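Worksheet: the structure to be examined is printed underneath.
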Amino acid sequence: MTIEFSLSKRQIEMRDNVRMLATGVIRPQSLAWDRAGGVPEEFLRNLARLATSMGSSAMRSGLGEEGGKEKKKSSDSMQSNLGTVLATEELSWADGALLLSLPGPGLGGPPVRATGTPEQKERFFGIFKDQDAPLRWGAYALTEPAAGSDVAGIRTSCRKEGREWVLNGRKCYITNGARASWNVVFATIDPSLGRAGHRAFVVEKGTKGFGVGRIEDKMGLRASETAELVFEDCRVPEENLLGGEEKYASKEGFMTAMKTFDNTRPIVASMAIGIGRAAYDYACDFVKRHYVMSRPIPRYAAMAERLARVGRGLDAARTVTWRAAWLADNGHANAKEASMSKALGGQAAIRACIEAIEICGAEGAIAEDHQLLEKWFRDIKVYDIFEGTGQIQRIVISKRLISNLKSF
Amino acid sequence: MISFEPTEDQRLMVDSIAQFAKTTLRPRIRELEKARAVPDDVQKTALELGVGLVAVPEAVGGAGLGLLTAVLLEEELAFGDPAAGFALAGPGSLALAVTELGTEAQAREALAPFTDGTPRFGAVAWGEKKALAERAGLSTIAKRDGDTWTLDGEKAYVLNADRAEVFVVLAQVDPSKGFRGLGAFLVPKAAKGLTVAPRSTTLGLDAASFGGLTLEGVKVPEASRLAGGDDFDAALVRFFAKQSLVFAARSVGLSRAAFELTRAYVDERKSFGKPIGHFQAVAFTIADRAMDVDAARGMVWRAAAAWDARDKSDAERGDAPRVDERECLRQSAWAISFAHEAAMRCGDDGVQLHGGAGFMRDYAVEKLMRDAKQLQLCGLTAEHADQLAAAAELGVPIDPALVLPTAETQNAFI
């Protein structure tokens with residue numbers, strides 16, 4: 001091995017393909033989807049076909065569409081963590097909400113892959129294999145009205161009755177939760193047990209007692225579906241307990257939720273970096289094309305400094321994100337680095353979106369053809385919140401640096 | 001391919017430098033500071049380890065291991081003592097200056113004395129005593145008469161001025177062309193008309209020596225002019241970017257040192273009945289500085305790897321894509337400003353979390369904080385780096401003015 005940072009030919013090909021799609025096909029629709037509050041299913045279907053015909057698995061690899069396959073992936077493969085991170089930045093650059101709306105197991109994929117029995121993987125990933133079938137989604141339901149960052153404090157209850165589990169409670173802010181064919185749902189057998197009491201279920205759409213509450217009206221990412229899920233004596237067959245009973249003899253139940261984050265945090269970081277880079281690229285183009293008081297803007301040192309700092313912040317986050325993904329691909333523990341990537345990515349991208357609006361001036365927030373800037377500004381904020389807030393990332397990081405630190 | 005794994009050879013070299021830093025430099029960090037120099041026995045050990053010529057191509061007498069290997073080793077040295085890299089014998093900045101600006105023959109000849117195992121110093125004099133108001137460029141002038149150049153002027157902030165046996169001096173060759181009219185000349189210390197001013201007392205990096213040079217009618221032959229191949233300006237910018245990246249690697253080592261000391265301290269120091277690291281305000285600061293260290297290191301590696309990829313011949317590169325010089329400059333500029341600022345934050349928070357103890361010289365963090373500020377001014381400053389990064393990104397011409405003290409950057413560096 002050696003330390004290097006050049007992309008392989010395959011990675012460059014993937015990136016160029018996605019960029020072509022991004023500029024030619026996705027970006028022109030971005031604002032319309034934002035206003036309509038969704039991406040038409042027809043577009044998603046065409047996009048999937050297009051990606052397949054281009055011989056690029058990048059579009060599908062975004063959130064682990066390859067299903068239950070466990071074969072070892074080199075970092076060059078687009079299915080590796082690093083490949084996924086690279087593809088994700090490009091797609092998110094095109095449109096963040098679209099990326100979250102892509103059909104597939106979504107954030108539900110990693111826990112099923114990490115914890116599911118072979119039969120469960122076959123069952124739950126199997127539905128995504130047929131490309132001619134209706135579009136399908138998976139989702140991940142952990143957050144509750146009274147438990148966000150405090151994952152251990154979830155109250156949705158589960159109790160065994162015969163060969164079924166009975167779930168009661170509410171989940172909120174679940175991406176694709178309403179349209180998902182199945183949700184990975186976390187519940188507790190006894191809140192006083194904390195993490196040891198947690199169980200993860202795959203709850204299929206149509207299960208008796210499972211319903212969808214409200215669809216959220218959000219600041220940004222408006223084309224992405226965010227749902228409330230309601231469980232009222234929801235009866236889940238015992239075969240849907242993720243990993244089977246024996247998985248929960250120890251603290252494994254909670255660890256399932258956390259392991260997911262080690263893999264997904266760098267992906268979410270690269271989503272944020274993609275949006276940040278979209279704003280940065282936009283500001284760079286604006287600055288190149290504009291003159292103020294008969295001087296080209298780049299001649300103004302203060303403007304150059306702002307751009308440099310935005311680009312630098314994104315690149316710092318990108319470097320840490322690549323490393324977190326690379327560590328995972330090479331079988332090294334990466335919880336600390338995954339949290340670092342998420343904390344840096346969200347903040348750098350928020351900075352980028354704010355600065356881009358300021359650099360472009362009034363036009364940035366108002367003029368018709370600059371409304372993408374305004375959209376990105378609204379879209380980006382949540383990237384420092386979901387999948388663990390910046391503060392939670394700092395708790396994860398500091399617990400791995402400071403001796404005997406169990407809790408604050 | 002993207003990979004963060006050093007080669008086996010690099011790992012072995014890093015380990016040996018890390019060992020030297022741990023067993024020799026760190027325990028004697030205050031001794032070096034008080035002596036304002038590296039003692040002879042330490043010089044000898046360091047020479048045997050051979051850090052100075054790592055990045056210099058084999059063709060001109062170096063190890064030819066590239067800039068990436070150099071930054072890996074520089075980080076380890078600086079982890080022991082950030083001043084060491086500046087004060088250890090060797091060609092110093094002169095190595096990259098003659099490699100980038102000179103012909104192969106000039107570089108080989110200039111570097112030959114540094115390969116004989118005796119402790120010698122080289123230096124590059126770019127800073128100016130006097131800033132010009134009337135025109136752009138340097139006030140030190142080089143005038144040509146046939147095959148002889150005559151240099152007049154006062155250089156300032158020259159690293160190792162009082163130790164060097166040979167200098168590369170930057171001077172104005174064509175005053176009408178501003179920063180595009182510069183030249184570089186090899187000047188031996190013994191040259192008639194060259195005097196070295198007493199060294200300055202500094203804020204930090206005490207073991208390093210910074211001082212001035214006065215040139216009064218110093219004559220050097222045309223053969224001593226380093227013409228920078230077919231594009232002197234581009235070569236000069238490359239020199240500053242690469243040299244500053246080496247300085248940035250020292251900032252990474254400094255950041256890591258301050259971070260490690262502070263992390264250990266917050267485990268140990270108790271208040272209100274528990275270790276101070278168990279309070280969120282302290283723990284989050286530790287987390288933030290850990291991110292600084294990791295990000296700075298990664299960025300310095302990326303920039304160094306970009307230069308190595310650019311400098312490879314087509315045959316050596318094989319299938320890997322060509323790396324554009326602009327990309328190297330952008331990555332370097334980002335890495336330089338980030339690493340220096342991260343070091344300043346690590347030094348500052350290091351002292352802060354040590355509390356009153358941090359202010360006392362019983363602990364090393366106050367020295368690291370002073371060193372960090374001084375390091376920020378070595379090579380390109382953040383102000384220069386930002387202008388360079390933006391210029392590289394936006395595709396505007398890369399002018400040497402971007403890396404020299406100008407109206408845009410408003411400051412000089414050392």
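Chain labels follow the order of the structure tokens: the first chain is A, the next B, and so on; residue numbering restarts at 1 in every chain, and ligands are counted from 1 in their shown order.
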
*Pick out the chain A residues within 7 Å of chain B. Count only C-alpha atoms. Give them as an MDAnalysis selection string.*
chainID A and resid 1:8 76 284 288 301 304:305 307:308 312 316 319:320 323 326 340 394 397:398 402:403 405 408

*DSSP on the backbone, then: every residue of segment 25-221 of chain B marked alpha helix (DSSP H), written as a ChimeraX atom specification.*
/B:29-35,40-49,66-80,84-87,93-101,104-111

Generate a file of the selected residues that holds C-alpha atoms, formatted as a compact mmCIF listing (two decimals), in the first residue's frame.
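Output (selection-v5.txt):
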# COMPACT_ATOMS: atom_id res chain seq x y z
CA ILE B 29 12.96 20.37 24.44
CA ARG B 30 13.75 23.03 27.08
CA GLU B 31 17.48 22.44 26.71
CA LEU B 32 17.26 23.23 22.98
CA GLU B 33 15.18 26.28 23.77
CA LYS B 34 17.65 27.63 26.34
CA ALA B 35 20.67 26.85 24.15
CA ASP B 40 26.18 18.76 18.75
CA ASP B 41 25.37 15.24 19.92
CA VAL B 42 21.74 15.64 18.78
CA GLN B 43 22.89 17.12 15.46
CA LYS B 44 25.04 14.06 14.94
CA THR B 45 22.20 11.60 15.56
CA ALA B 46 19.86 13.56 13.32
CA LEU B 47 22.40 13.67 10.49
CA GLU B 48 22.67 9.91 10.65
CA LEU B 49 18.88 9.68 10.33
CA GLY B 66 9.31 12.54 -2.53
CA LEU B 67 7.46 15.23 -0.63
CA LEU B 68 5.00 12.80 0.95
CA THR B 69 7.75 10.90 2.76
CA ALA B 70 9.24 14.25 3.77
CA VAL B 71 6.02 15.50 5.39
CA LEU B 72 5.57 12.19 7.23
CA LEU B 73 9.02 12.54 8.79
CA GLU B 74 8.74 16.29 9.42
CA GLU B 75 5.54 15.71 11.40
CA GLU B 76 7.31 13.21 13.64
CA LEU B 77 10.29 15.52 14.24
CA ALA B 78 7.98 18.38 15.12
CA PHE B 79 6.04 16.14 17.48
CA GLY B 80 9.28 15.92 19.47
CA ALA B 84 14.01 21.00 15.66
CA GLY B 85 13.21 20.87 11.95
CA PHE B 86 14.34 24.49 11.64
CA ALA B 87 17.53 24.06 13.65
CA SER B 93 14.93 25.60 2.38
CA LEU B 94 17.92 25.78 0.06
CA ALA B 95 17.34 22.18 -1.02
CA LEU B 96 13.92 22.85 -2.53
CA ALA B 97 15.04 26.25 -3.85
CA VAL B 98 17.90 24.88 -5.92
CA THR B 99 15.84 21.88 -7.01
CA GLU B 100 12.95 23.98 -8.27
CA LEU B 101 14.86 27.04 -9.49
CA GLU B 104 20.20 19.80 -12.44
CA ALA B 105 23.92 20.65 -12.52
CA GLN B 106 23.45 23.73 -10.31
CA ALA B 107 21.38 21.78 -7.80
CA ARG B 108 23.83 18.90 -7.67
CA GLU B 109 26.78 21.22 -7.13
CA ALA B 110 25.01 23.32 -4.49
CA LEU B 111 23.86 20.28 -2.53

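In the backbone-derived DSSP annotation, strand (DSSP E or B) within segment 34-146 of chain B comprises B:Gly90, B:Phe121, B:Gly122, B:Ala123, B:Val124, B:Ala125, B:Glu128, B:Ile141, B:Ala142, B:Lys143, B:Arg144, B:Asp145.
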
*Could you give me, as number ranges by chain, the residues within 9 Å of Tyr248 of chain A, counting only C-alpha atoms and dropping anything in the same chain fewer than 6 positions from it?*
A: 196-199, 254

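Between atom CA of Arg250 of chain B and atom CA of Met360 of chain B lies a distance of 23.6 Å.
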
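Closest approach to Gly331 of chain A among A:Trp137, A:Ala147, A:Asn81, A:Cys360 is made by A:Asn81 (distances from only C-alpha atoms).
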
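Shell of Arg163 of chain B at 9 Å, with only C-alpha atoms counted and residues fewer than 6 places along the chain excluded, is Ala89, Arg120, Phe121, Gly122, Ala123 and Ser209 of chain B.
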
Under the rule of at most 12 Å, produce a per-residue listing of segment 208-312 of chain B near segment 368-376 of chain B: chain, number, name, the closest pair of atoms, and the distance in Å, as JSON lines, using only C-alpha atoms.
{"residue": "B:Ala208", "atom": "CA", "partner": "B:Asp371", "partner_atom": "CA", "distance": 10.5}
{"residue": "B:Phe210", "atom": "CA", "partner": "B:Gln374", "partner_atom": "CA", "distance": 11.1}
{"residue": "B:Ser244", "atom": "CA", "partner": "B:Gln376", "partner_atom": "CA", "distance": 9.9}
{"residue": "B:Leu245", "atom": "CA", "partner": "B:Leu375", "partner_atom": "CA", "distance": 11.6}
{"residue": "B:Val246", "atom": "CA", "partner": "B:Leu375", "partner_atom": "CA", "distance": 11.1}
{"residue": "B:Phe247", "atom": "CA", "partner": "B:Leu375", "partner_atom": "CA", "distance": 7.3}
{"residue": "B:Ala248", "atom": "CA", "partner": "B:Leu375", "partner_atom": "CA", "distance": 8.2}
{"residue": "B:Ala249", "atom": "CA", "partner": "B:Leu375", "partner_atom": "CA", "distance": 10.5}
{"residue": "B:Arg250", "atom": "CA", "partner": "B:Leu375", "partner_atom": "CA", "distance": 8.2}
{"residue": "B:Ser251", "atom": "CA", "partner": "B:Leu375", "partner_atom": "CA", "distance": 6.9}
{"residue": "B:Val252", "atom": "CA", "partner": "B:Ala372", "partner_atom": "CA", "distance": 10.0}
{"residue": "B:Gly253", "atom": "CA", "partner": "B:Leu368", "partner_atom": "CA", "distance": 10.4}
{"residue": "B:Leu254", "atom": "CA", "partner": "B:Leu368", "partner_atom": "CA", "distance": 6.7}
{"residue": "B:Ser255", "atom": "CA", "partner": "B:Ala372", "partner_atom": "CA", "distance": 8.3}
{"residue": "B:Arg256", "atom": "CA", "partner": "B:Leu368", "partner_atom": "CA", "distance": 10.4}
{"residue": "B:Ala257", "atom": "CA", "partner": "B:Leu368", "partner_atom": "CA", "distance": 8.1}
{"residue": "B:Ala258", "atom": "CA", "partner": "B:Leu368", "partner_atom": "CA", "distance": 6.6}
{"residue": "B:Phe259", "atom": "CA", "partner": "B:Leu368", "partner_atom": "CA", "distance": 10.3}
{"residue": "B:Glu260", "atom": "CA", "partner": "B:Leu368", "partner_atom": "CA", "distance": 11.9}
{"residue": "B:Leu261", "atom": "CA", "partner": "B:Leu368", "partner_atom": "CA", "distance": 10.5}
{"residue": "B:Thr262", "atom": "CA", "partner": "B:Leu368", "partner_atom": "CA", "distance": 11.4}

Can you list, as a compact mmCIF listing (two decimals) with N, CA and C atoms, in the first residue's frame, every protein, DNA or RNA residue that comes within 12 Å of Ala279 of chain A when you count only C-alpha atoms, leaving out same-chain residues fewer than 5 positions away?
# COMPACT_ATOMS: atom_id res chain seq x y z
N SER A 92 -25.46 14.13 -4.31
CA SER A 92 -25.98 15.15 -3.42
C SER A 92 -25.71 16.54 -4.00
N TRP A 93 -24.59 16.65 -4.71
CA TRP A 93 -24.27 17.90 -5.42
C TRP A 93 -25.41 18.23 -6.38
N ALA A 94 -25.98 17.18 -7.00
CA ALA A 94 -27.07 17.39 -7.95
C ALA A 94 -28.35 17.80 -7.23
N ASP A 95 -28.77 17.01 -6.24
CA ASP A 95 -29.95 17.35 -5.45
C ASP A 95 -30.01 16.44 -4.22
N ALA A 272 -23.67 16.07 2.85
CA ALA A 272 -23.54 17.48 3.22
C ALA A 272 -22.47 18.16 2.37
N ILE A 273 -21.33 17.47 2.21
CA ILE A 273 -20.23 18.04 1.43
C ILE A 273 -20.66 18.28 -0.01
N GLY A 274 -21.48 17.37 -0.54
CA GLY A 274 -21.98 17.54 -1.91
C GLY A 274 -22.79 18.82 -2.05
N CYS A 284 -18.12 30.27 -6.94
CA CYS A 284 -16.91 30.42 -7.76
C CYS A 284 -17.27 30.89 -9.16
N ASP A 285 -18.29 30.27 -9.75
CA ASP A 285 -18.72 30.67 -11.10
C ASP A 285 -19.19 32.11 -11.10
N PHE A 286 -19.96 32.46 -10.09
CA PHE A 286 -20.49 33.83 -10.00
C PHE A 286 -19.34 34.84 -9.94
N LEU A 307 -13.83 32.66 -0.37
CA LEU A 307 -13.94 31.45 -1.19
C LEU A 307 -12.92 30.41 -0.74
N VAL A 310 -14.04 28.65 2.39
CA VAL A 310 -15.15 27.72 2.16
C VAL A 310 -14.63 26.44 1.50
N GLY A 311 -13.84 26.60 0.45
CA GLY A 311 -13.28 25.44 -0.25
C GLY A 311 -12.44 24.59 0.68
N LEU A 314 -14.56 22.55 3.23
CA LEU A 314 -15.17 21.38 2.60
C LEU A 314 -14.13 20.30 2.36
N ALA A 348 -19.07 22.47 7.75
CA ALA A 348 -18.40 23.08 6.59
C ALA A 348 -19.42 23.41 5.51
N ALA A 349 -20.40 22.52 5.34
CA ALA A 349 -21.38 22.72 4.28
C ALA A 349 -22.35 23.85 4.63
N ILE A 350 -22.73 23.95 5.89
CA ILE A 350 -23.59 25.06 6.30
C ILE A 350 -22.88 26.39 6.04
N ARG A 351 -21.60 26.42 6.44
CA ARG A 351 -20.77 27.61 6.20
C ARG A 351 -20.76 27.95 4.70
N ALA A 352 -20.57 26.91 3.88
CA ALA A 352 -20.47 27.12 2.44
C ALA A 352 -21.76 27.72 1.89
N CYS A 353 -22.90 27.22 2.36
CA CYS A 353 -24.18 27.71 1.84
C CYS A 353 -24.45 29.15 2.29
N ILE A 354 -24.06 29.46 3.52
CA ILE A 354 -24.24 30.84 4.01
C ILE A 354 -23.33 31.79 3.22
N GLU A 355 -22.06 31.41 3.10
CA GLU A 355 -21.10 32.28 2.42
C GLU A 355 -21.49 32.48 0.95
N ALA A 356 -21.96 31.41 0.31
CA ALA A 356 -22.31 31.53 -1.11
C ALA A 356 -23.39 32.58 -1.31
N ILE A 357 -24.38 32.59 -0.42
CA ILE A 357 -25.44 33.59 -0.52
C ILE A 357 -24.87 34.99 -0.32
N GLU A 358 -23.97 35.12 0.64
CA GLU A 358 -23.40 36.45 0.90
C GLU A 358 -22.51 36.90 -0.26
N ILE A 359 -21.76 35.96 -0.83
CA ILE A 359 -20.85 36.31 -1.92
C ILE A 359 -21.66 36.78 -3.14
N CYS A 360 -22.76 36.10 -3.41
CA CYS A 360 -23.56 36.48 -4.57
C CYS A 360 -24.45 37.69 -4.28
N GLY A 364 -28.21 36.48 -4.62
CA GLY A 364 -28.13 35.12 -4.11
C GLY A 364 -29.43 34.64 -3.50
N HIS A 370 -31.16 32.40 -9.29
CA HIS A 370 -30.25 32.08 -8.19
C HIS A 370 -30.98 31.34 -7.06
N GLN A 371 -32.21 30.89 -7.33
CA GLN A 371 -32.97 30.31 -6.22
C GLN A 371 -32.43 28.97 -5.72
N LEU A 372 -31.54 28.37 -6.51
CA LEU A 372 -30.90 27.16 -6.01
C LEU A 372 -30.11 27.46 -4.75
N LEU A 373 -29.48 28.64 -4.71
CA LEU A 373 -28.71 29.02 -3.51
C LEU A 373 -29.60 29.07 -2.28
N GLU A 374 -30.76 29.64 -2.49
CA GLU A 374 -31.73 29.76 -1.39
C GLU A 374 -32.19 28.36 -0.95
N LYS A 375 -32.39 27.48 -1.91
CA LYS A 375 -32.81 26.11 -1.61
C LYS A 375 -31.72 25.36 -0.84
N TRP A 376 -30.48 25.49 -1.30
CA TRP A 376 -29.38 24.78 -0.61
C TRP A 376 -29.23 25.28 0.82
N PHE A 377 -29.43 26.58 0.99
CA PHE A 377 -29.34 27.17 2.33
C PHE A 377 -30.38 26.53 3.26
N ARG A 378 -31.58 26.26 2.71
CA ARG A 378 -32.61 25.62 3.53
C ARG A 378 -32.33 24.12 3.70
N ASP A 379 -31.84 23.50 2.62
CA ASP A 379 -31.58 22.05 2.65
C ASP A 379 -30.51 21.66 3.66
N ILE A 380 -29.46 22.48 3.77
CA ILE A 380 -28.24 22.01 4.42
C ILE A 380 -28.33 21.91 5.95

_As an exercise, work out the distance from atom CA of Asp384 of chain A to atom CA of Gln347 of chain A in Å and give it to one decimal place._
6.5 Å

*Within 12 Å of Gly138 of chain A, counting only C-alpha atoms, which residues show up once you throw out same-chain ones fewer than 4 positions away? Write them as a PyMOL selection string, please.*
chain A and resi 63-65+67+100-112+124-128+174-185+202-205

For the residues selected in the previous step, produce a file with N, CA and C atoms as a CSV table (one decimal), in the first residue's frame.
chain,number,residue,atom,x,y,z
A,63,LEU,N,-27.1,4.1,-1.3
A,63,LEU,CA,-27.3,3.7,0.1
A,63,LEU,C,-27.4,2.2,0.2
A,64,GLY,N,-26.5,1.5,-0.5
A,64,GLY,CA,-26.4,0.1,-0.3
A,64,GLY,C,-27.4,-0.8,-0.9
A,65,GLU,N,-27.7,-0.6,-2.2
A,65,GLU,CA,-28.7,-1.3,-2.9
A,65,GLU,C,-28.3,-2.8,-3.2
A,67,GLY,N,-27.9,-5.2,-1.6
A,67,GLY,CA,-28.6,-6.2,-0.9
A,67,GLY,C,-27.8,-6.9,0.1
A,100,LEU,N,-32.1,11.3,-1.2
A,100,LEU,CA,-32.8,10.6,-0.1
A,100,LEU,C,-34.1,9.9,-0.6
A,101,SER,N,-34.5,10.2,-1.8
A,101,SER,CA,-35.8,9.7,-2.3
A,101,SER,C,-35.5,8.4,-3.2
A,102,LEU,N,-34.2,8.2,-3.5
A,102,LEU,CA,-34.0,7.0,-4.4
A,102,LEU,C,-34.5,5.7,-3.8
A,103,PRO,N,-35.2,4.9,-4.7
A,103,PRO,CA,-35.7,3.7,-4.2
A,103,PRO,C,-34.6,2.8,-3.7
A,104,GLY,N,-34.9,1.9,-2.8
A,104,GLY,CA,-33.9,1.0,-2.3
A,104,GLY,C,-34.1,0.9,-0.8
A,105,PRO,N,-33.3,0.0,-0.1
A,105,PRO,CA,-33.4,-0.2,1.3
A,105,PRO,C,-33.1,1.1,2.2
A,106,GLY,N,-32.4,2.0,1.6
A,106,GLY,CA,-32.1,3.3,2.3
A,106,GLY,C,-31.3,3.0,3.6
A,107,LEU,N,-31.6,3.8,4.6
A,107,LEU,CA,-30.9,3.6,5.9
A,107,LEU,C,-31.3,2.3,6.6
A,108,GLY,N,-32.4,1.6,6.1
A,108,GLY,CA,-32.8,0.3,6.7
A,108,GLY,C,-31.8,-0.7,6.2
A,109,GLY,N,-31.1,-0.5,5.1
A,109,GLY,CA,-30.2,-1.5,4.6
A,109,GLY,C,-29.1,-2.0,5.6
A,110,PRO,N,-28.3,-1.0,6.1
A,110,PRO,CA,-27.2,-1.4,7.0
A,110,PRO,C,-27.6,-2.3,8.2
A,111,PRO,N,-28.6,-1.9,9.0
A,111,PRO,CA,-28.9,-2.8,10.1
A,111,PRO,C,-29.3,-4.2,9.7
A,112,VAL,N,-30.1,-4.3,8.6
A,112,VAL,CA,-30.5,-5.7,8.1
A,112,VAL,C,-29.2,-6.4,7.7
A,124,PHE,N,-36.0,-9.5,2.9
A,124,PHE,CA,-36.2,-8.1,2.9
A,124,PHE,C,-35.4,-7.4,1.8
A,125,PHE,N,-34.3,-8.0,1.4
A,125,PHE,CA,-33.6,-7.4,0.2
A,125,PHE,C,-34.1,-7.9,-1.1
A,126,GLY,N,-34.7,-9.1,-1.1
A,126,GLY,CA,-35.3,-9.7,-2.3
A,126,GLY,C,-36.2,-8.8,-3.1
A,127,ILE,N,-37.0,-8.0,-2.3
A,127,ILE,CA,-38.0,-7.2,-3.0
A,127,ILE,C,-37.4,-6.1,-3.9
A,128,PHE,N,-36.1,-5.9,-3.7
A,128,PHE,CA,-35.5,-4.8,-4.5
A,128,PHE,C,-34.9,-5.3,-5.8
A,174,ILE,N,-39.2,10.1,10.1
A,174,ILE,CA,-38.6,8.9,9.4
A,174,ILE,C,-38.6,9.2,7.9
A,175,THR,N,-37.4,9.2,7.3
A,175,THR,CA,-37.2,9.4,5.9
A,175,THR,C,-37.8,8.2,5.1
A,176,ASN,N,-38.7,8.5,4.2
A,176,ASN,CA,-39.4,7.5,3.4
A,176,ASN,C,-40.2,6.5,4.2
A,177,GLY,N,-40.5,6.9,5.4
A,177,GLY,CA,-41.2,6.0,6.4
A,177,GLY,C,-42.6,5.6,5.9
A,178,ALA,N,-43.3,6.5,5.2
A,178,ALA,CA,-44.7,6.2,4.8
A,178,ALA,C,-44.7,5.3,3.6
A,179,ARG,N,-43.8,5.6,2.6
A,179,ARG,CA,-43.9,4.8,1.4
A,179,ARG,C,-43.1,3.5,1.5
A,180,ALA,N,-42.3,3.3,2.6
A,180,ALA,CA,-41.4,2.2,2.7
A,180,ALA,C,-42.2,0.8,2.7
A,181,SER,N,-41.7,-0.2,2.0
A,181,SER,CA,-42.3,-1.5,2.1
A,181,SER,C,-42.0,-2.1,3.5
A,182,TRP,N,-40.9,-1.7,4.1
A,182,TRP,CA,-40.6,-2.1,5.4
A,182,TRP,C,-39.8,-1.0,6.2
A,183,ASN,N,-40.0,-1.0,7.5
A,183,ASN,CA,-39.3,-0.1,8.3
A,183,ASN,C,-38.5,-0.9,9.3
A,184,VAL,N,-37.2,-0.6,9.6
A,184,VAL,CA,-36.5,-1.2,10.7
A,184,VAL,C,-36.9,-0.3,11.9
A,185,VAL,N,-37.7,-0.9,12.9
A,185,VAL,CA,-38.2,-0.2,14.0
A,185,VAL,C,-37.6,-0.6,15.3
A,202,VAL,N,-38.3,-5.7,11.8
A,202,VAL,CA,-38.6,-5.2,10.4
A,202,VAL,C,-40.2,-5.2,10.3
A,203,VAL,N,-40.8,-4.0,10.3
A,203,VAL,CA,-42.2,-3.9,10.2
A,203,VAL,C,-42.6,-3.7,8.8
A,204,GLU,N,-43.4,-4.6,8.2
A,204,GLU,CA,-43.8,-4.5,6.8
A,204,GLU,C,-45.1,-3.6,6.7
A,205,LYS,N,-45.1,-2.9,5.6
A,205,LYS,CA,-46.3,-2.1,5.2
A,205,LYS,C,-47.5,-3.0,5.3

*If we count only C-alpha atoms, what is near Thr188 of chain A at a cut-off of 9 Å, once residues fewer than 5 positions away on the same chain are taken out, given as a VMD selection string?*
chain A and resid 154 to 159 193 to 200

Now that the selection is made, can you save its residues with N, CA, C and O atoms as a short mmCIF file (atom, residue, chain, number, x, y, z; two decimals), in the first residue's frame?
data_model
loop_
_atom_site.label_atom_id
_atom_site.label_comp_id
_atom_site.auth_asym_id
_atom_site.auth_seq_id
_atom_site.Cartn_x
_atom_site.Cartn_y
_atom_site.Cartn_z
N ILE A 154 -35.71 5.55 24.13
CA ILE A 154 -36.93 5.31 23.34
C ILE A 154 -38.00 4.63 24.20
O ILE A 154 -37.70 3.87 25.12
N ARG A 155 -39.26 4.95 23.90
CA ARG A 155 -40.37 4.45 24.71
C ARG A 155 -41.28 3.49 23.95
O ARG A 155 -42.15 2.86 24.54
N THR A 156 -41.16 3.41 22.64
CA THR A 156 -42.00 2.48 21.88
C THR A 156 -41.80 1.10 22.47
O THR A 156 -40.67 0.62 22.60
N SER A 157 -42.92 0.46 22.86
CA SER A 157 -42.79 -0.78 23.62
C SER A 157 -43.02 -2.00 22.73
O SER A 157 -43.69 -1.92 21.69
N CYS A 158 -42.46 -3.12 23.14
CA CYS A 158 -42.72 -4.37 22.45
C CYS A 158 -42.88 -5.46 23.51
O CYS A 158 -42.20 -5.47 24.52
N ARG A 159 -43.83 -6.36 23.30
CA ARG A 159 -43.96 -7.50 24.20
C ARG A 159 -44.33 -8.72 23.38
O ARG A 159 -45.01 -8.63 22.35
N LEU A 193 -34.53 -1.04 31.45
CA LEU A 193 -33.34 -1.83 31.10
C LEU A 193 -32.36 -1.04 30.22
O LEU A 193 -31.26 -1.50 29.95
N GLY A 194 -32.80 0.14 29.75
CA GLY A 194 -31.92 0.92 28.87
C GLY A 194 -31.63 0.16 27.59
O GLY A 194 -32.52 -0.49 27.03
N ARG A 195 -30.36 0.21 27.20
CA ARG A 195 -29.98 -0.38 25.91
C ARG A 195 -30.27 -1.88 25.84
O ARG A 195 -30.62 -2.41 24.80
N ALA A 196 -30.09 -2.57 26.98
CA ALA A 196 -30.26 -4.02 26.98
C ALA A 196 -31.69 -4.41 26.64
O ALA A 196 -31.95 -5.53 26.21
N GLY A 197 -32.64 -3.49 26.83
CA GLY A 197 -34.04 -3.81 26.57
C GLY A 197 -34.46 -3.59 25.12
O GLY A 197 -35.59 -3.86 24.75
N HIS A 198 -33.55 -3.07 24.29
CA HIS A 198 -33.93 -2.73 22.92
C HIS A 198 -34.07 -3.94 22.01
O HIS A 198 -33.30 -4.90 22.12
N ARG A 199 -35.03 -3.88 21.11
CA ARG A 199 -35.22 -4.89 20.07
C ARG A 199 -35.44 -4.16 18.75
O ARG A 199 -36.08 -3.11 18.72
N ALA A 200 -34.94 -4.76 17.68
CA ALA A 200 -35.15 -4.16 16.35
C ALA A 200 -36.04 -5.09 15.53
O ALA A 200 -35.80 -6.30 15.48
#

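Of note, atom CA of Ala234 of chain B and atom CA of Ala171 of chain B are spaced 16.1 Å apart.
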